[in-house]
Amino acid sequence: MPEIDIKGLSDKAPAFLERFSGEVLSVSDFRGDLEICVKKDRLKEMVGFLKEDSSLSFDILMDLFGMDYSTFPIAQLERFAVVYNFYSVSRKKRLRLKVFVPEQAAELDSIHEIYKAANWYERETWDMFGIRFLGHPNLVRILCHGEFQGHPLRKDYPSDQYQKLKHAAHSNEI
């Protein structure tokens with residue numbers, strides 16, 4: 001594995017580097033916004049540290065989304081990735097945490113207990129990409145109907161496929 005340039009991380013998040021250096025795959029800094037690509041094994045612990053450590057204080061999960069790199073022109077570590085966007089109100093800093101997920105085991109630990117907003121974001125990522133979040137309290141479809149087959153934002157999903165809803169939910173079932 002090539003040497004990781006950790007200068008941006010040692011300058012901007014030394015406590016994170018000290019604790020999770022073995023989990024970091026890459027670091028980049030674009031216009032002051034730090035991106036850290038990490039292994040998935042200790043994700044929940046890393047996210048909790050980003051929020052609770054006083055030198056970081058990433059108190060807002062702004063977004064969480066999936067990506068399918070299967071048709072991306074530059075080879076990536078895995079087909080799927082989940083990207084977490086955090087913001088620190090007190091420090092006025094952003095951080096992007098990227099976790100690659102293998103297609104054969106497309107699952108990550110849920111962070112809904114750390115950031116309540118993750119609940120809906122994780123459901124959306126499951127619905128659109130089929131990436132499971134272990135420990136999520138209600139991992140059901142949120143955008144597609146319950147009878148929908150597949151995950152529409154995967155690059156191999158046929159874009160012209162139409163799926164008719166056979167049994168509509170009544171208003172008292174919603």
# chains A, B, ... in the order shown; residues from 1 in each chain; ligands from 1
$ residues_around --residues "Ala117 (chain A)" --least-positions-apart "4" --cutoff "7 Å" --atoms "only C-alpha atoms" --output "ChimeraX atom specification"
/A:61,112,121
$ closest_atom_pairs --of "region 79-129 of chain A" --to "region 33-37 of chain A" --cutoff "8 Å" --atoms "only C-alpha atoms" --output "tab-separated table"
residue	atom	partner	partner_atom	distance
A:Lys93	CA	A:Asp33	CA	7.1
A:Arg94	CA	A:Asp33	CA	5.5
A:Leu95	CA	A:Leu34	CA	5.0
A:Arg96	CA	A:Glu35	CA	4.5
A:Leu97	CA	A:Ile36	CA	5.0
A:Lys98	CA	A:Cys37	CA	4.6
A:Val99	CA	A:Cys37	CA	5.9
A:Phe100	CA	A:Cys37	CA	7.9
$ write_last_selection --atoms "C-alpha atoms" --output "mmCIF file, in the first residue's frame"
data_model
loop_
_atom_site.group_PDB
_atom_site.id
_atom_site.type_symbol
_atom_site.label_atom_id
_atom_site.label_comp_id
_atom_site.auth_asym_id
_atom_site.auth_seq_id
_atom_site.Cartn_x
_atom_site.Cartn_y
_atom_site.Cartn_z
ATOM 1 C CA LYS A 93 -15.014 23.561 9.854
ATOM 2 C CA ARG A 94 -16.292 20.808 7.597
ATOM 3 C CA LEU A 95 -15.107 17.236 7.386
ATOM 4 C CA ARG A 96 -15.972 14.519 4.890
ATOM 5 C CA LEU A 97 -15.501 10.923 6.033
ATOM 6 C CA LYS A 98 -15.566 8.341 3.241
ATOM 7 C CA VAL A 99 -15.922 4.610 3.831
ATOM 8 C CA PHE A 100 -15.651 2.089 0.998
#
$ atom_distance --atom1 "CA of Phe20 (chain A)" --atom2 "CA of Asp53 (chain A)"
13.0 Å
$ residues_around --residues "His151 (chain A)" --least-positions-apart "5" --cutoff "8 Å" --atoms "only C-alpha atoms" --output "list in words"
Asp127, Met128, Phe129, Gly130 and Tyr157 of chain A
$ select_by_dssp --residues "region 48-172 of chain A" --states "strand (DSSP E or B)" --output "ChimeraX atom specification"
/A:60-68,80-88,93-101,107-109,132-134
$ write_last_selection --atoms "C-alpha atoms" --output "compact mmCIF listing (two decimals), in the first residue's frame"
# COMPACT_ATOMS: atom_id res chain seq x y z
CA ILE A 60 -23.71 18.26 13.07
CA LEU A 61 -24.13 15.44 10.58
CA MET A 62 -25.04 17.49 7.52
CA ASP A 63 -25.49 14.58 5.12
CA LEU A 64 -24.80 10.93 4.54
CA PHE A 65 -25.09 9.35 1.10
CA GLY A 66 -24.04 6.38 -0.97
CA MET A 67 -22.00 6.27 -4.16
CA ASP A 68 -21.67 3.58 -6.80
CA PHE A 80 -19.67 1.34 -3.13
CA ALA A 81 -18.81 4.10 -0.71
CA VAL A 82 -20.75 5.92 1.98
CA VAL A 83 -19.82 9.54 2.52
CA TYR A 84 -20.53 11.36 5.79
CA ASN A 85 -20.46 15.17 5.83
CA PHE A 86 -19.88 16.74 9.25
CA TYR A 87 -19.78 20.34 10.44
CA SER A 88 -18.35 21.87 13.61
CA LYS A 93 -15.01 23.56 9.85
CA ARG A 94 -16.29 20.81 7.60
CA LEU A 95 -15.11 17.24 7.39
CA ARG A 96 -15.97 14.52 4.89
CA LEU A 97 -15.50 10.92 6.03
CA LYS A 98 -15.57 8.34 3.24
CA VAL A 99 -15.92 4.61 3.83
CA PHE A 100 -15.65 2.09 1.00
CA VAL A 101 -18.02 -0.87 1.18
CA GLU A 107 -23.09 -3.13 5.16
CA LEU A 108 -21.86 -0.69 7.79
CA ASP A 109 -22.64 -0.05 11.43
CA ARG A 132 -27.38 -2.14 4.94
CA PHE A 133 -26.81 -0.35 8.25
CA LEU A 134 -26.39 -2.84 11.07
